[in-house]
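Raw contents of start26.tsv, TSV, C-alpha atoms:
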```tsv
chain	number	residue	atom	x	y	z
A	273	MET	CA	1.48	-18.28	-0.77
A	274	LYS	CA	4.31	-17.27	-3.10
A	275	LYS	CA	6.43	-14.27	-2.14
A	276	ILE	CA	8.31	-11.70	-4.18
A	277	THR	CA	10.81	-9.00	-3.28
A	278	LEU	CA	9.20	-5.56	-3.15
A	279	GLY	CA	11.75	-3.59	-5.14
A	280	LYS	CA	14.73	-2.11	-3.33
A	281	THR	CA	13.00	-2.47	0.06
A	282	GLY	CA	14.16	-6.06	0.12
A	283	LEU	CA	10.88	-6.97	1.85
A	284	LYS	CA	9.61	-10.44	0.97
A	285	VAL	CA	5.91	-9.83	0.46
A	286	SER	CA	3.10	-12.18	-0.42
A	287	ARG	CA	2.24	-12.26	-4.13
A	288	VAL	CA	-1.00	-10.50	-3.22
A	289	GLY	CA	-1.61	-8.14	-0.30
A	290	ILE	CA	-4.83	-6.80	1.17
A	291	GLY	CA	-6.08	-3.21	1.21
A	292	GLY	CA	-7.61	-1.60	4.27
A	293	ILE	CA	-10.50	0.53	3.00
A	294	PRO	CA	-13.34	-2.06	3.23
A	295	ILE	CA	-12.16	-3.32	6.62
A	296	GLN	CA	-14.02	-0.32	8.10
A	297	ARG	CA	-17.42	-1.75	7.14
A	298	PRO	CA	-18.00	-4.99	9.08
A	299	PRO	CA	-18.34	-5.16	12.87
A	300	ILE	CA	-14.92	-4.81	14.47
A	301	ASP	CA	-14.73	-8.45	15.61
A	302	GLU	CA	-15.34	-9.55	12.00
A	303	ALA	CA	-12.72	-7.11	10.72
A	304	ILE	CA	-10.17	-8.61	13.12
A	305	LYS	CA	-11.04	-12.11	11.85
A	306	VAL	CA	-10.46	-10.97	8.25
A	307	VAL	CA	-6.96	-9.63	8.96
A	308	ARG	CA	-6.00	-12.68	11.00
A	309	ALA	CA	-7.34	-15.04	8.31
A	310	ALA	CA	-5.15	-13.27	5.75
A	311	LEU	CA	-2.06	-13.73	7.92
A	312	GLU	CA	-2.86	-17.37	8.65
A	313	LEU	CA	-3.31	-18.09	4.93
A	314	GLY	CA	-0.01	-16.51	3.95
A	315	ILE	CA	-0.87	-12.92	3.02
A	316	ASN	CA	1.65	-10.78	4.88
A	317	LEU	CA	1.30	-7.33	3.22
A	318	ILE	CA	-1.45	-5.25	4.82
A	319	ASP	CA	-1.93	-1.79	3.35
A	320	THR	CA	-3.96	0.99	4.94
A	321	SER	CA	-3.90	4.75	5.53
A	322	ILE	CA	-4.60	7.43	8.10
A	323	GLY	CA	-7.36	8.48	5.71
A	324	TYR	CA	-9.31	5.21	5.90
A	325	GLY	CA	-11.51	5.90	8.94
A	326	ASP	CA	-10.70	3.48	11.76
A	327	SER	CA	-8.90	1.00	9.48
A	328	GLU	CA	-5.56	1.45	11.25
A	329	ILE	CA	-7.18	0.90	14.65
A	330	ARG	CA	-8.82	-2.33	13.50
A	331	ILE	CA	-5.65	-3.63	11.90
A	332	GLY	CA	-3.70	-2.74	15.03
A	333	GLN	CA	-6.08	-4.77	17.17
A	334	ALA	CA	-5.88	-7.70	14.77
A	335	LEU	CA	-2.08	-7.66	14.92
A	336	LYS	CA	-1.84	-7.76	18.72
A	337	GLY	CA	0.50	-10.65	19.48
A	338	ARG	CA	0.83	-11.41	15.75
A	339	ARG	CA	3.28	-8.74	14.60
A	340	ASP	CA	5.99	-11.19	13.53
A	341	GLY	CA	5.79	-11.85	9.81
A	342	ALA	CA	3.25	-9.10	9.11
A	343	ILE	CA	4.39	-6.29	6.83
A	344	ILE	CA	2.47	-3.13	7.63
A	345	ALA	CA	2.14	-0.48	4.95
A	346	THR	CA	0.30	2.72	5.70
A	347	LYS	CA	0.04	6.22	4.27
A	348	GLY	CA	-0.06	9.82	5.48
A	349	SER	CA	0.34	13.48	4.68
A	350	TRP	CA	2.80	15.07	2.25
A	351	ARG	CA	1.61	18.62	3.10
A	352	GLY	CA	4.58	19.86	5.14
A	353	GLY	CA	6.93	18.51	7.75
A	354	GLU	CA	4.69	18.97	10.76
A	355	ALA	CA	1.76	17.23	9.06
A	356	THR	CA	3.99	14.35	8.02
A	357	THR	CA	5.40	13.87	11.51
A	358	THR	CA	1.92	14.06	13.04
A	359	THR	CA	0.51	11.41	10.70
A	360	ILE	CA	3.44	9.05	11.24
A	361	GLU	CA	3.14	9.35	15.01
A	362	GLY	CA	-0.62	8.91	14.80
A	363	SER	CA	-0.30	5.78	12.67
A	364	LEU	CA	2.19	4.22	15.09
A	365	LYS	CA	-0.25	4.82	17.94
A	366	ARG	CA	-3.34	3.52	16.13
A	367	LEU	CA	-1.53	0.46	14.78
A	368	GLN	CA	0.00	-0.15	18.24
A	369	VAL	CA	3.47	-0.77	16.81
A	370	ASP	CA	6.95	0.66	17.28
A	371	GLN	CA	7.80	0.53	13.57
A	372	ILE	CA	5.96	0.81	10.28
A	373	ASP	CA	7.51	-1.39	7.60
A	374	LEU	CA	6.47	0.82	4.67
A	375	TRP	CA	5.22	4.37	5.06
A	376	GLN	CA	3.89	6.13	1.96
A	377	PHE	CA	3.01	9.73	1.12
A	378	HIS	CA	-0.72	9.42	0.41
A	379	ASN	CA	-2.01	10.43	-3.03
A	380	ILE	CA	0.13	13.26	-4.37
A	381	PRO	CA	-2.53	14.35	-6.86
A	382	THR	CA	-1.04	16.63	-9.53
A	383	PRO	CA	2.33	17.55	-11.07
A	384	ALA	CA	2.00	21.00	-9.45
A	385	ASP	CA	1.57	19.35	-6.02
A	386	TRP	CA	4.60	17.16	-6.76
A	387	GLU	CA	6.70	20.23	-7.56
A	388	ASN	CA	5.52	22.02	-4.41
A	389	PHE	CA	6.30	18.90	-2.39
A	390	LEU	CA	9.88	18.91	-3.71
A	391	VAL	CA	10.42	22.65	-3.31
A	392	ASP	CA	9.08	22.74	0.24
A	393	GLY	CA	11.13	19.72	1.30
A	394	GLY	CA	9.63	19.65	4.80
A	395	SER	CA	7.73	16.42	4.35
A	396	LEU	CA	10.73	14.64	2.91
A	397	ALA	CA	12.90	15.84	5.79
A	398	ALA	CA	10.31	14.68	8.33
A	399	ALA	CA	10.05	11.26	6.70
A	400	GLN	CA	13.84	10.98	6.65
A	401	ARG	CA	13.97	11.74	10.38
A	402	ALA	CA	11.44	8.98	10.98
A	403	LEU	CA	13.59	6.64	8.89
A	404	ASP	CA	16.73	7.61	10.80
A	405	ARG	CA	14.96	6.98	14.12
A	406	GLY	CA	13.63	3.60	12.98
A	407	LYS	CA	9.99	4.62	13.24
A	408	ILE	CA	9.53	3.73	9.58
A	409	LEU	CA	11.72	1.28	7.70
A	410	HIS	CA	10.96	2.07	4.06
A	411	LEU	CA	9.49	5.02	2.16
A	412	GLY	CA	7.08	5.11	-0.77
A	413	PHE	CA	4.26	7.17	-2.24
A	414	SER	CA	0.87	6.73	-3.88
A	415	THR	CA	-0.88	8.69	-6.58
A	416	HIS	CA	-3.63	8.41	-9.18
A	417	ASN	CA	-1.77	10.66	-11.62
A	418	LEU	CA	0.52	8.94	-14.13
A	419	ASP	CA	2.84	11.93	-14.58
A	420	VAL	CA	3.34	12.17	-10.80
A	421	ALA	CA	3.97	8.43	-10.60
A	422	LEU	CA	6.60	8.58	-13.35
A	423	SER	CA	8.31	11.59	-11.76
A	424	GLY	CA	8.32	9.97	-8.33
A	425	VAL	CA	9.83	6.72	-9.59
A	426	GLU	CA	12.41	8.59	-11.69
A	427	SER	CA	13.39	10.81	-8.74
A	428	GLY	CA	15.11	8.04	-6.81
A	429	LEU	CA	13.52	9.29	-3.58
A	430	PHE	CA	11.22	6.32	-3.04
A	431	GLU	CA	11.41	2.57	-2.65
A	432	THR	CA	7.81	1.88	-3.72
A	433	VAL	CA	5.00	3.38	-5.77
A	434	GLN	CA	1.30	2.60	-5.39
A	435	PHE	CA	-0.87	3.26	-8.43
A	436	PRO	CA	-4.23	2.01	-9.79
A	437	PHE	CA	-3.84	-1.02	-12.03
A	438	ASP	CA	-6.34	-3.47	-13.47
A	439	PHE	CA	-7.39	-4.70	-16.90
A	440	ILE	CA	-9.68	-1.68	-17.38
A	441	SER	CA	-7.39	1.02	-15.93
A	442	ASP	CA	-4.14	-0.30	-17.41
A	443	GLU	CA	-2.25	2.93	-18.20
A	444	ALA	CA	0.61	1.89	-15.93
A	445	ALA	CA	1.52	-1.01	-18.22
A	446	ALA	CA	3.25	0.93	-20.99
A	447	GLU	CA	5.72	3.11	-19.07
A	448	LEU	CA	5.29	3.06	-15.31
A	449	ILE	CA	5.69	-0.64	-14.57
A	450	PRO	CA	8.77	-0.99	-16.83
A	451	LEU	CA	10.30	2.15	-15.27
A	452	ALA	CA	9.63	0.89	-11.73
A	453	ARG	CA	11.25	-2.42	-12.65
A	454	LYS	CA	14.27	-0.62	-14.16
A	455	ARG	CA	14.67	1.57	-11.06
A	456	ASN	CA	13.98	-1.36	-8.71
A	457	VAL	CA	11.00	0.47	-7.20
A	458	GLY	CA	8.36	-1.87	-5.80
A	459	PHE	CA	4.96	-1.55	-7.51
A	460	ILE	CA	1.78	-1.99	-5.45
A	461	GLY	CA	-1.30	-2.19	-7.67
A	462	MET	CA	-4.18	-0.42	-5.97
A	463	LYS	CA	-7.83	-0.94	-6.88
A	464	PRO	CA	-7.25	-4.26	-8.66
A	465	PHE	CA	-11.04	-4.75	-8.83
A	466	THR	CA	-11.58	-1.15	-10.01
A	467	GLY	CA	-13.05	-0.14	-6.68
A	468	GLY	CA	-15.49	-3.07	-6.69
A	469	ASN	CA	-16.65	-2.71	-10.30
A	470	ILE	CA	-14.95	-5.96	-11.30
A	471	THR	CA	-16.72	-8.74	-9.42
A	472	ASP	CA	-14.91	-11.75	-10.87
A	473	ALA	CA	-11.83	-12.09	-8.64
A	474	ARG	CA	-10.37	-14.92	-10.71
A	475	LEU	CA	-10.55	-12.84	-13.86
A	476	ALA	CA	-9.14	-9.72	-12.21
A	477	LEU	CA	-6.27	-11.38	-10.36
A	478	GLY	CA	-5.53	-13.80	-13.18
A	479	TRP	CA	-4.84	-10.83	-15.43
A	480	LEU	CA	-2.78	-8.97	-12.84
A	481	LEU	CA	-0.62	-11.94	-11.94
A	482	ARG	CA	0.78	-11.91	-15.47
A	483	TYR	CA	2.87	-8.96	-14.25
A	484	PRO	CA	5.56	-10.54	-12.05
A	485	THR	CA	6.66	-7.31	-10.33
A	486	VAL	CA	3.16	-6.03	-9.48
A	487	VAL	CA	1.72	-6.72	-6.02
A	488	PRO	CA	-2.08	-6.23	-6.11
A	489	ASP	CA	-3.72	-5.19	-2.83
A	490	PRO	CA	-7.46	-5.85	-3.15
A	491	GLY	CA	-9.64	-4.45	-0.41
A	492	VAL	CA	-11.40	-7.13	1.63
A	493	GLU	CA	-14.10	-7.17	4.29
A	494	ARG	CA	-15.04	-10.86	4.56
A	495	VAL	CA	-13.03	-13.98	5.40
A	496	GLU	CA	-14.51	-15.65	2.33
A	497	GLU	CA	-12.93	-12.99	0.10
A	498	VAL	CA	-9.53	-13.67	1.63
A	499	GLU	CA	-9.94	-17.40	1.08
A	500	GLU	CA	-10.89	-16.86	-2.56
A	501	ILE	CA	-7.89	-14.61	-3.19
A	502	VAL	CA	-5.50	-17.13	-1.64
A	503	GLN	CA	-7.05	-19.95	-3.67
A	504	ILE	CA	-6.49	-17.98	-6.89
```

Spell out the structure here as structure tokens.
Amino acid sequence: MKKITLGKTGLKVSRVGIGGIPIQRPPIDEAIKVVRAALELGINLIDTSIGYGDSEIRIGQALKGRRDGAIIATKGSWRGGEATTTTIEGSLKRLQVDQIDLWQFHNIPTPADWENFLVDGGSLAAAQRALDRGKILHLGFSTHNLDVALSGVESGLFETVQFPFDFISDEAAAELIPLARKRNVGFIGMKPFTGGNITDARLALGWLLRYPTVVPDPGVERVEEVEEIVQI
């Protein structure tokens, strides 16, 4: 599996990661097999969130004794310092780790929310404390709003951005991806199969891999899906 550097984080991540939403669906023993198959086949970026049911718990169990080489990315609250601290601590516990490689503010939805987030400052301060204490190593954010994504990348506050990107929802291509590249902000492409609406993985990933700084993180729930992604 090829690796690229994820922006200014300096993290060497697999050319494709995996997303943790579908991992909630299969029986837990199967979910563990999926995560371990990904690691064994060279996928080292595993992205999840406090908001994805028991995804963090399942990933944590899969990583027992296999932490070396795995890059854990998860997401949590931007709604005030206390909420941010609580979600970081909760993620550490569920994932059964001492450090989270990449922690992201989860889905800042509108420009108004972005402005409130900046004015309040509590969440940023809480995340910075977690960085200073080594509980998280790198800081990013996710959003579905292009204006928020552009503002966040331009702000210089973050090392990564996660935004929807596929050959149907391609609005990031014109401004956001070039800006992220210019600012050396890592770009994680969420929903590369448009939330399951694109069923041809070769077509979807073949298109995405034309963008050398984009790391797609397709959600997976079966070992066969992991094998197909690695083959592509």

| query | Do you know which residues are at most 9 Å from Gln368 (chain A) counting all atoms listed in the file, after dropping those on the same chain fewer than 2 positions away, and could you put them as JSON, numbers by chain? | reply | {"A": [329, 332, 333, 335, 336, 363, 364, 365, 366, 370]}

| message | I need the residue nearest Ala342 (chain A) from this list: A:Trp375, A:Ile304, A:Val285, A:Arg297. Use all atoms listed in the file for the distance. | response |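 Once distances to Ala342 (chain A) are computed over all atoms listed in the file, the minimum belongs to A:Val285.
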
| query | Any idea what's packed within 12 Å of Lys305 (chain A), counting all atoms listed in the file, ignoring anything in its chain fewer than 2 positions away? Could you give it as number ranges by chain? | reply | A: 295, 298-303, 307-313, 330-331, 333-335, 492-498

| query | When you draw a straight line from CA of Asp442 (chain A) to CA of Ile290 (chain A), how long is it in Å? | reply |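 CA of Ile290 (chain A) lies 19.7 Å from CA of Asp442 (chain A).
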
| request: In Å, rounded to a single decimal, give me how far CA of Met462 (chain A) is from CA of Phe377 (chain A). | output: 14.3 Å

| query | Which neighbours of region 419-426 of chain A fall inside 8 Å, counting all atoms listed in the file, when residues of the same chain fewer than 2 positions from it are skipped, and could you give them as a list in words? | reply |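 Contacts, in chain order: Ile380, Pro381, Thr382, Pro383, Trp386, Phe413, Ser414, Thr415, His416, Asn417, Gly428, Leu429, Phe430, Thr432, Val433, Phe435, Glu447, Leu448, Leu451, Ala452, Arg455 and Val457 of chain A.
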
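Picture a line from CA of Phe459 (chain A) to CA of Ile408 (chain A); it runs 18.5 Å.
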
Would you pick out the contacts of Gly352 (chain A) at 12 Å or less, using all atoms listed in the file, so that residues sharing its chain but fewer than 6 positions from it are not included, and give the list as a tab-separated table (two decimals) with C-alpha atoms, in the frame of the given file?
```tsv
chain	number	residue	atom	x	y	z
A	358	THR	CA	1.92	14.06	13.04
A	359	THR	CA	0.51	11.41	10.70
A	377	PHE	CA	3.01	9.73	1.12
A	385	ASP	CA	1.57	19.35	-6.02
A	388	ASN	CA	5.52	22.02	-4.41
A	389	PHE	CA	6.30	18.90	-2.39
A	390	LEU	CA	9.88	18.91	-3.71
A	391	VAL	CA	10.42	22.65	-3.31
A	392	ASP	CA	9.08	22.74	0.24
A	393	GLY	CA	11.13	19.72	1.30
A	394	GLY	CA	9.63	19.65	4.80
A	395	SER	CA	7.73	16.42	4.35
A	396	LEU	CA	10.73	14.64	2.91
A	397	ALA	CA	12.90	15.84	5.79
A	398	ALA	CA	10.31	14.68	8.33
A	399	ALA	CA	10.05	11.26	6.70
```

| query | Quick one: of A:Gln376, A:Ser327, A:Thr277, A:Gln503, who's nearest to Ser349 (chain A), counting all atoms listed in the file? | reply |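 Nearest to Ser349 (chain A): A:Gln376.
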
| field | Residues within 10 Å of Ala402 (chain A), all atoms listed in the file, excluding chain neighbours under 5 positions, as a list of chain:residue names | value |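 Those residues are A:Thr356, A:Thr357, A:Ile360, A:Glu361, A:Gln371, A:Ile372, A:Trp375, A:Leu396, A:Ala397, A:Lys407, A:Ile408, A:Leu409, A:His410, A:Leu411.
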
| query | Using all atoms listed in the file, which residue out of A:Lys274, A:Lys463, A:Arg453, A:Arg351 lies closest to Ile293 (chain A)? | reply |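 Under the stated criterion, the closest residue is A:Lys463.
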
| query | For Ile276 (chain A), which residue out of A:Asp472, A:Pro464, A:Gly458, A:Ile322 is the nearest one, using all atoms listed in the file? | reply | A:Gly458

| Shortest interatomic distance to Val502 (chain A) - which of A:Gln400, A:Ser286, A:Thr281, A:Thr485, counting all atoms listed in the file | A:Ser286

| task | Compare A:Leu278, A:Ile501, A:Val487, A:Leu418 by their minimum atom-to-atom distance to Leu475 (chain A), counting all atoms listed in the file, and give me the closest one. | result | A:Ile501
